[in-house]
$ cat entry_28.cif   # mmCIF, C-alpha atoms and all ligand atoms
data_start
loop_
_atom_site.label_atom_id
_atom_site.label_comp_id
_atom_site.auth_asym_id
_atom_site.auth_seq_id
_atom_site.Cartn_x
_atom_site.Cartn_y
_atom_site.Cartn_z
CA MET F 1 -11.23 9.95 5.72
CA ASN F 2 -9.46 6.93 7.20
CA LEU F 3 -6.21 7.53 9.10
CA ILE F 4 -3.70 5.53 11.12
CA ILE F 5 -1.65 7.17 13.87
CA PHE F 6 1.71 5.51 14.64
CA GLY F 7 4.18 6.24 17.40
CA PRO F 8 5.87 4.56 20.35
CA PRO F 9 3.94 4.17 23.62
CA GLY F 10 3.73 7.59 25.24
CA SER F 11 4.17 9.50 21.99
CA GLY F 12 0.72 11.09 22.34
CA LYS F 13 -1.29 8.91 19.96
CA GLY F 14 -4.33 8.72 22.22
CA THR F 15 -4.24 12.39 23.19
CA TYR F 16 -3.97 13.60 19.59
CA ALA F 17 -6.37 11.02 18.15
CA THR F 18 -9.20 12.12 20.45
CA ARG F 19 -8.60 15.75 19.48
CA LEU F 20 -8.38 14.97 15.77
CA GLU F 21 -11.63 13.04 16.15
CA VAL F 22 -13.38 16.27 17.10
CA GLU F 23 -11.56 18.47 14.58
CA LEU F 24 -12.07 16.14 11.61
CA GLY F 25 -15.46 14.69 12.57
CA ILE F 26 -14.20 11.10 12.38
CA THR F 27 -14.20 8.31 14.96
CA ALA F 28 -11.10 7.55 17.02
CA ILE F 29 -10.65 3.83 17.63
CA ALA F 30 -8.08 2.99 20.31
CA MET F 31 -7.26 -0.71 20.35
CA GLY F 32 -5.81 -0.55 23.87
CA ASP F 33 -9.04 1.02 25.17
CA VAL F 34 -11.11 -1.67 23.48
CA PHE F 35 -9.08 -4.29 25.40
CA ARG F 36 -9.08 -2.43 28.71
CA ASP F 37 -12.88 -2.04 28.53
CA ALA F 38 -13.26 -5.74 27.79
CA ILE F 39 -11.09 -6.61 30.81
CA LYS F 40 -13.09 -4.28 33.04
CA GLN F 41 -16.36 -5.79 31.87
CA ARG F 42 -14.98 -9.32 32.23
CA THR F 43 -16.04 -10.40 28.75
CA LEU F 44 -14.59 -13.40 26.92
CA LEU F 45 -12.33 -11.04 24.95
CA GLY F 46 -11.20 -9.47 28.24
CA LYS F 47 -10.18 -12.86 29.63
CA LYS F 48 -8.24 -13.68 26.48
CA VAL F 49 -6.17 -10.50 26.47
CA GLU F 50 -5.60 -9.69 30.14
CA SER F 51 -2.20 -11.33 30.61
CA TYR F 52 -0.78 -9.72 27.45
CA LEU F 53 -1.75 -6.21 28.52
CA LYS F 54 -0.33 -6.72 31.98
CA SER F 55 3.07 -7.67 30.62
CA GLY F 56 3.13 -5.25 27.68
CA GLN F 57 3.26 -8.01 25.06
CA LEU F 58 1.13 -7.99 21.91
CA VAL F 59 -2.23 -9.74 21.87
CA PRO F 60 -2.25 -12.48 19.16
CA ASP F 61 -3.13 -11.14 15.68
CA ASP F 62 -6.28 -13.22 15.14
CA VAL F 63 -7.82 -11.94 18.39
CA VAL F 64 -6.97 -8.30 17.60
CA ILE F 65 -8.22 -8.47 14.01
CA GLU F 66 -11.56 -9.95 15.10
CA ALA F 67 -11.97 -7.23 17.76
CA LEU F 68 -11.17 -4.48 15.26
CA LYS F 69 -13.65 -5.79 12.68
CA GLU F 70 -16.38 -5.68 15.27
CA LYS F 71 -15.44 -2.17 16.29
CA ILE F 72 -15.44 -0.87 12.70
CA GLN F 73 -18.83 -2.47 12.02
CA GLU F 74 -20.23 -0.75 15.10
CA LYS F 75 -19.16 2.58 13.64
CA GLU F 76 -20.28 1.89 10.09
CA GLY F 77 -22.03 4.78 8.42
CA ARG F 78 -19.74 7.41 9.99
CA THR F 79 -17.47 9.54 7.85
CA GLY F 80 -14.21 7.83 8.70
CA PHE F 81 -11.86 6.76 11.47
CA ILE F 82 -8.47 7.28 13.03
CA LEU F 83 -6.85 4.08 14.28
CA ASP F 84 -4.67 4.30 17.38
CA GLY F 85 -2.84 1.09 18.25
CA PHE F 86 -3.77 -0.82 15.11
CA PRO F 87 -2.10 -2.24 13.06
CA ARG F 88 0.94 -3.23 15.12
CA THR F 89 2.27 -6.08 13.00
CA ILE F 90 2.65 -6.64 9.26
CA GLN F 91 -0.01 -9.34 9.47
CA GLN F 92 -2.46 -6.87 11.01
CA GLY F 93 -1.61 -4.38 8.25
CA GLU F 94 -2.41 -6.96 5.60
CA ALA F 95 -5.70 -7.80 7.32
CA LEU F 96 -6.63 -4.11 7.47
CA GLU F 97 -6.06 -3.77 3.74
CA LYS F 98 -8.92 -6.20 3.20
CA ILE F 99 -11.24 -4.29 5.54
CA SER F 100 -10.66 -0.65 4.62
CA ARG F 101 -8.86 1.89 2.46
CA ILE F 102 -6.32 4.09 4.31
CA ASP F 103 -5.79 7.71 3.22
CA ALA F 104 -2.79 8.68 5.32
CA VAL F 105 -0.42 7.64 8.08
CA ILE F 106 0.44 10.06 10.88
CA ASN F 107 3.88 9.14 12.20
CA LEU F 108 4.91 10.48 15.63
CA GLN F 109 8.65 10.50 16.29
CA VAL F 110 9.48 10.95 19.97
CA PRO F 111 12.80 10.05 21.69
CA GLU F 112 12.81 7.30 24.32
CA ARG F 113 13.77 9.51 27.28
CA ILE F 114 10.65 11.61 26.68
CA VAL F 115 8.22 8.71 26.34
CA VAL F 116 9.54 7.05 29.52
CA ALA F 117 9.18 10.27 31.50
CA ARG F 118 5.67 10.86 30.16
CA LEU F 119 4.33 7.37 30.72
CA SER F 120 5.55 7.06 34.28
CA SER F 121 3.68 10.24 35.20
CA ARG F 122 0.54 9.66 33.09
CA ARG F 123 -2.89 9.65 34.75
CA ILE F 124 -6.18 8.71 33.11
CA CYS F 125 -9.81 9.42 34.01
CA LYS F 126 -11.61 6.23 35.11
CA ASN F 127 -14.84 7.60 33.81
CA CYS F 128 -14.24 9.32 30.44
CA GLY F 129 -10.68 8.30 29.55
CA ALA F 130 -9.26 11.85 29.37
CA ILE F 131 -5.45 11.84 29.65
CA TYR F 132 -3.42 13.93 32.15
CA ASN F 133 0.16 14.11 33.31
CA GLU F 134 1.54 14.78 36.78
CA LEU F 135 4.46 16.70 35.33
CA TYR F 136 2.94 19.08 32.82
CA LEU F 137 -0.68 18.32 31.95
CA LYS F 138 -2.09 18.55 35.48
CA PRO F 139 -5.79 18.51 36.24
CA ARG F 140 -7.15 21.62 37.97
CA ARG F 141 -8.13 19.58 41.05
CA GLU F 142 -5.63 16.94 42.13
CA GLY F 143 -6.74 13.42 41.20
CA LYS F 144 -9.95 14.62 39.49
CA CYS F 145 -10.85 14.95 35.82
CA ASP F 146 -11.41 18.50 34.48
CA VAL F 147 -14.01 17.27 32.01
CA CYS F 148 -16.26 15.04 34.09
CA GLY F 149 -14.95 15.08 37.69
CA GLY F 150 -14.10 11.34 37.56
CA SER F 151 -11.16 9.92 39.56
CA LEU F 152 -7.79 9.63 37.88
CA TYR F 153 -5.78 6.40 37.90
CA GLN F 154 -2.45 5.07 36.67
CA ARG F 155 -2.48 2.32 34.04
CA GLU F 156 -1.16 -1.01 35.28
CA ASP F 157 1.35 -1.19 32.41
CA ASP F 158 2.69 2.35 33.02
CA THR F 159 5.52 1.11 35.27
CA GLU F 160 9.14 1.54 34.30
CA LEU F 161 9.83 -2.14 33.62
CA VAL F 162 6.74 -2.72 31.49
CA ILE F 163 7.28 0.60 29.69
CA LYS F 164 10.75 -0.56 28.59
CA ASP F 165 9.24 -3.78 27.26
CA ARG F 166 6.48 -1.94 25.40
CA ILE F 167 9.07 0.26 23.70
CA LYS F 168 11.06 -2.82 22.69
CA VAL F 169 7.93 -4.45 21.28
CA TYR F 170 7.19 -1.26 19.32
CA GLU F 171 10.68 -1.14 17.81
CA GLN F 172 10.75 -4.82 16.90
CA GLN F 173 7.20 -5.48 15.76
CA THR F 174 5.55 -2.21 14.81
CA GLN F 175 8.30 -0.05 13.33
CA PRO F 176 8.79 -2.41 10.36
CA LEU F 177 5.18 -1.59 9.44
CA LEU F 178 6.21 1.99 8.67
CA GLU F 179 8.27 0.66 5.77
CA TYR F 180 5.26 -1.38 4.67
CA TYR F 181 3.15 1.80 4.46
CA ARG F 182 5.78 4.17 3.13
CA ASP F 183 5.26 3.32 -0.51
CA ARG F 184 1.52 2.69 -0.14
CA VAL F 185 0.03 5.83 1.48
CA PRO F 186 1.00 9.48 2.12
CA PHE F 187 2.77 10.25 5.42
CA VAL F 188 2.43 13.11 7.86
CA ASN F 189 5.57 13.10 10.01
CA PHE F 190 5.55 14.85 13.35
CA LYS F 191 8.70 15.20 15.47
CA CYS F 192 8.50 16.07 19.16
CA GLU F 193 11.67 16.89 21.11
CA THR F 194 10.18 18.39 24.30
CA LEU F 195 8.40 16.81 27.23
CA ASP F 196 5.74 19.48 27.65
CA LEU F 197 4.65 20.41 24.14
CA PRO F 198 0.98 21.49 24.48
CA PRO F 199 -1.28 18.97 22.69
CA ALA F 200 -3.08 21.81 20.87
CA GLU F 201 0.18 22.81 19.17
CA ALA F 202 0.96 19.26 18.15
CA VAL F 203 -2.55 18.85 16.71
CA MET F 204 -2.18 22.10 14.72
CA GLU F 205 1.02 20.81 13.18
CA ILE F 206 -0.58 17.49 12.29
CA LEU F 207 -3.55 19.28 10.69
CA GLU F 208 -1.10 21.41 8.73
CA GLY F 209 0.50 18.19 7.46
CA LEU F 210 -2.90 16.82 6.45
CA ARG F 211 -3.58 20.09 4.64
CA ARG F 212 -0.36 19.73 2.66
CA ILE F 213 -1.49 16.38 1.30
CA GLY F 214 -4.96 17.72 0.52
CA LEU F 215 -6.92 15.92 3.24
CA TYR F 216 -7.80 18.93 5.40
CA LYS F 217 -9.37 22.03 3.93
CA LYS F 218 -10.15 24.41 6.83
P1 LIG N 1 0.55 2.10 24.30
O1 LIG N 1 0.41 3.50 24.81
O2 LIG N 1 1.54 1.32 25.06
O3 LIG N 1 0.75 2.04 22.84
P2 LIG N 1 -2.17 0.93 24.09
O4 LIG N 1 -3.24 1.37 25.01
O5 LIG N 1 -2.28 1.32 22.67
O6 LIG N 1 -0.80 1.40 24.74
O7 LIG N 1 -2.05 -0.67 24.17
C1 LIG N 1 -1.92 -1.34 25.39
C2 LIG N 1 -1.69 -2.84 25.20
O8 LIG N 1 -2.81 -3.42 24.47
C3 LIG N 1 -0.47 -3.24 24.37
O9 LIG N 1 0.70 -3.25 25.17
C4 LIG N 1 -0.90 -4.64 23.90
O10 LIG N 1 -0.78 -5.60 24.93
C5 LIG N 1 -2.37 -4.48 23.61
N1 LIG N 1 -2.62 -4.06 22.21
C6 LIG N 1 -3.17 -2.88 21.80
N2 LIG N 1 -3.26 -2.83 20.46
C7 LIG N 1 -2.78 -4.01 19.99
C8 LIG N 1 -2.59 -4.57 18.68
N3 LIG N 1 -2.94 -3.92 17.56
N4 LIG N 1 -2.03 -5.81 18.59
C9 LIG N 1 -1.69 -6.49 19.68
N5 LIG N 1 -1.82 -6.02 20.94
C10 LIG N 1 -2.37 -4.80 21.11
#
$ encode --input "entry_28.cif" --output "structure tokens"
Amino acid sequence: MNLIIFGPPGSGKGTYATRLEVELGITAIAMGDVFRDAIKQRTLLGKKVESYLKSGQLVPDDVVIEALKEKIQEKEGRTGFILDGFPRTIQQGEALEKISRIDAVINLQVPERIVVARLSSRRICKNCGAIYNELYLKPRREGKCDVCGGSLYQREDDTELVIKDRIKVYEQQTQPLLEYYRDRVPFVNFKCETLDLPPAEAVMEILEGLRRIGLYKK
């Protein structure tokens, strides 16, 4: 099963994708993580993308498409994937069509005031990437990951100014893609109106949506 998860920054894509990965036995591929790892490891790709991530602008399509192809090849032989953060432009969508079939789009709809509040209080484990929140998804020990004990940090682009820019970029460049997919693949729409909806509940609702279109049997 090959899925795409769409939603503005802070809508929960990463959190839900990693849980759906376990539930559905497919691989979650997070484009932002691919880039952040490359920056950390100072690879050629990392050098190319660093300034874009810092400012919240999109990395050029050719660079992203090449990076995604490599990632999918690495995972070849698995039962499917869920893409988080790809495609983000029509051109990326067209490139994806040549690489893989897509079975469904999960579309997260979350109002701006909620995503801004979430992102400015988001914390991430340096070691395993688990996602926390100072407001409502707190770790048991302050500053430490529940899963692996790693230290938590705040992403460099999770500052109010950059967050506003990322939302703008999403509205202008990525939202038009939803129209592109609407008459091509089935949609699972998920609306979130509260700041502190437990991820497990959101995931249940998404699975229910996948069940309705015949992609989830349990
Ligand atoms: P967000 O929560 O803001 O959606 P991500 O971790 O998915 O964050 O992405 C972080 C940054 O990585 C983006 O602001 C952008 O600079 C870059 N990026 C990630 N995916 C893509 C993509 N498909 N195309 C271009 N740039 C991307």
$ residues_around --input "entry_28.cif" --residues "Gly14 of chain F" --least-positions-apart "2" --cutoff "9 Å" --atoms "all atoms listed in the file" --output "PyMOL selection string"
chain F and resi 5+10-12+16-19+28+30+84-85+131
$ closest_residue --input "entry_28.cif" --among "F:Arg140, F:Lys168, F:Glu179, F:Arg122" --to "Gln154 of chain F" --atoms "only C-alpha atoms"
F:Arg122
$ residues_near_ligand --input "entry_28.cif" --ligand "ligand LIG 1 (chain N)" --cutoff "6 Å" --atoms "only C-alpha atoms and all ligand atoms" --output "number ranges by chain"
F: 9-10, 31-33, 52-53, 56-59, 64, 85-88, 166
$ residues_around --input "entry_28.cif" --residues "segment 198-210 of chain F" --least-positions-apart "6" --cutoff "7 Å" --atoms "all atoms listed in the file" --output "number ranges by chain"
F: 16, 188, 190, 216
$ atom_distance --input "entry_28.cif" --atom1 "atom CA of Leu135 of chain F" --atom2 "atom CA of Ile4 of chain F"
27.9 Å
$ atom_distance --input "entry_28.cif" --atom1 "atom CA of Gly25 of chain F" --atom2 "atom CA of Leu83 of chain F"
13.8 Å
$ closest_residue --input "entry_28.cif" --among "F:Ala130, F:Leu195, F:Ala95, F:Arg36" --to "Arg118 of chain F" --atoms "all atoms listed in the file"
F:Leu195
$ closest_residue --input "entry_28.cif" --among "F:Ile124, F:Val115, F:Ala67, F:Ile72" --to "Ile99 of chain F" --atoms "only C-alpha atoms"
F:Ile72
$ closest_residue --input "entry_28.cif" --among "F:Gly46, F:Gln73, F:Arg113, F:Leu108" --to "Lys13 of chain F" --atoms "all atoms listed in the file"
F:Leu108
$ atom_distance --input "entry_28.cif" --atom1 "atom CA of Leu197 of chain F" --atom2 "atom CA of Glu156 of chain F"
24.8 Å
$ closest_residue --input "entry_28.cif" --among "F:Val110, F:Leu24, F:Cys128, F:Val34" --to "Tyr153 of chain F" --atoms "only C-alpha atoms"
F:Cys128
$ closest_residue --input "entry_28.cif" --among "F:Glu97, F:Val105, F:Lys48, F:Gln173" --to "Lys69 of chain F" --atoms "only C-alpha atoms"
F:Glu97
$ residues_around --input "entry_28.cif" --residues "Ser121 of chain F" --least-positions-apart "4" --cutoff "7 Å" --atoms "all atoms listed in the file" --output "PDB file with C-alpha atoms, in the coordinates of the input"
ATOM      1  CA  ALA F 117       9.180  10.270  31.500  1.00  0.00           C
ATOM      2  CA  ASN F 133       0.160  14.110  33.310  1.00  0.00           C
ATOM      3  CA  GLU F 134       1.540  14.780  36.780  1.00  0.00           C
ATOM      4  CA  LEU F 135       4.460  16.700  35.330  1.00  0.00           C
TER       5      LEU F 135
END
$ residues_near_point --input "entry_28.cif" --point "(-0.9, 14.0, 0.2)" --cutoff "9 Å" --atoms "all atoms listed in the file" --output "list in words"
Asp103, Ala104, Val185, Pro186, Phe187, Val188, Gly209, Leu210, Arg211, Arg212, Ile213, Gly214 and Leu215 of chain F
$ residues_around --input "entry_28.cif" --residues "Gln91 of chain F" --least-positions-apart "2" --cutoff "10 Å" --atoms "all atoms listed in the file" --output "PDB file with C-alpha atoms, in the frame of the given file"
ATOM      1  CA  ASP F  61      -3.130 -11.140  15.680  1.00  0.00           C
ATOM      2  CA  ASP F  62      -6.280 -13.220  15.140  1.00  0.00           C
ATOM      3  CA  ILE F  65      -8.220  -8.470  14.010  1.00  0.00           C
ATOM      4  CA  PRO F  87      -2.100  -2.240  13.060  1.00  0.00           C
ATOM      5  CA  ARG F  88       0.940  -3.230  15.120  1.00  0.00           C
ATOM      6  CA  THR F  89       2.270  -6.080  13.000  1.00  0.00           C
ATOM      7  CA  GLY F  93      -1.610  -4.380   8.250  1.00  0.00           C
ATOM      8  CA  GLU F  94      -2.410  -6.960   5.600  1.00  0.00           C
ATOM      9  CA  ALA F  95      -5.700  -7.800   7.320  1.00  0.00           C
ATOM     10  CA  LEU F  96      -6.630  -4.110   7.470  1.00  0.00           C
ATOM     11  CA  LEU F 177       5.180  -1.590   9.440  1.00  0.00           C
TER      12      LEU F 177
END
$ axis_aligned_box --input "entry_28.cif" --around "segment 148-154 of chain F" --padding-each-side "3 Å" --output "AutoDock Vina command-line options"
--center_x -9.4 --center_y 10.1 --center_z 36.8 --size_x 19.8 --size_y 16.0 --size_z 11.5
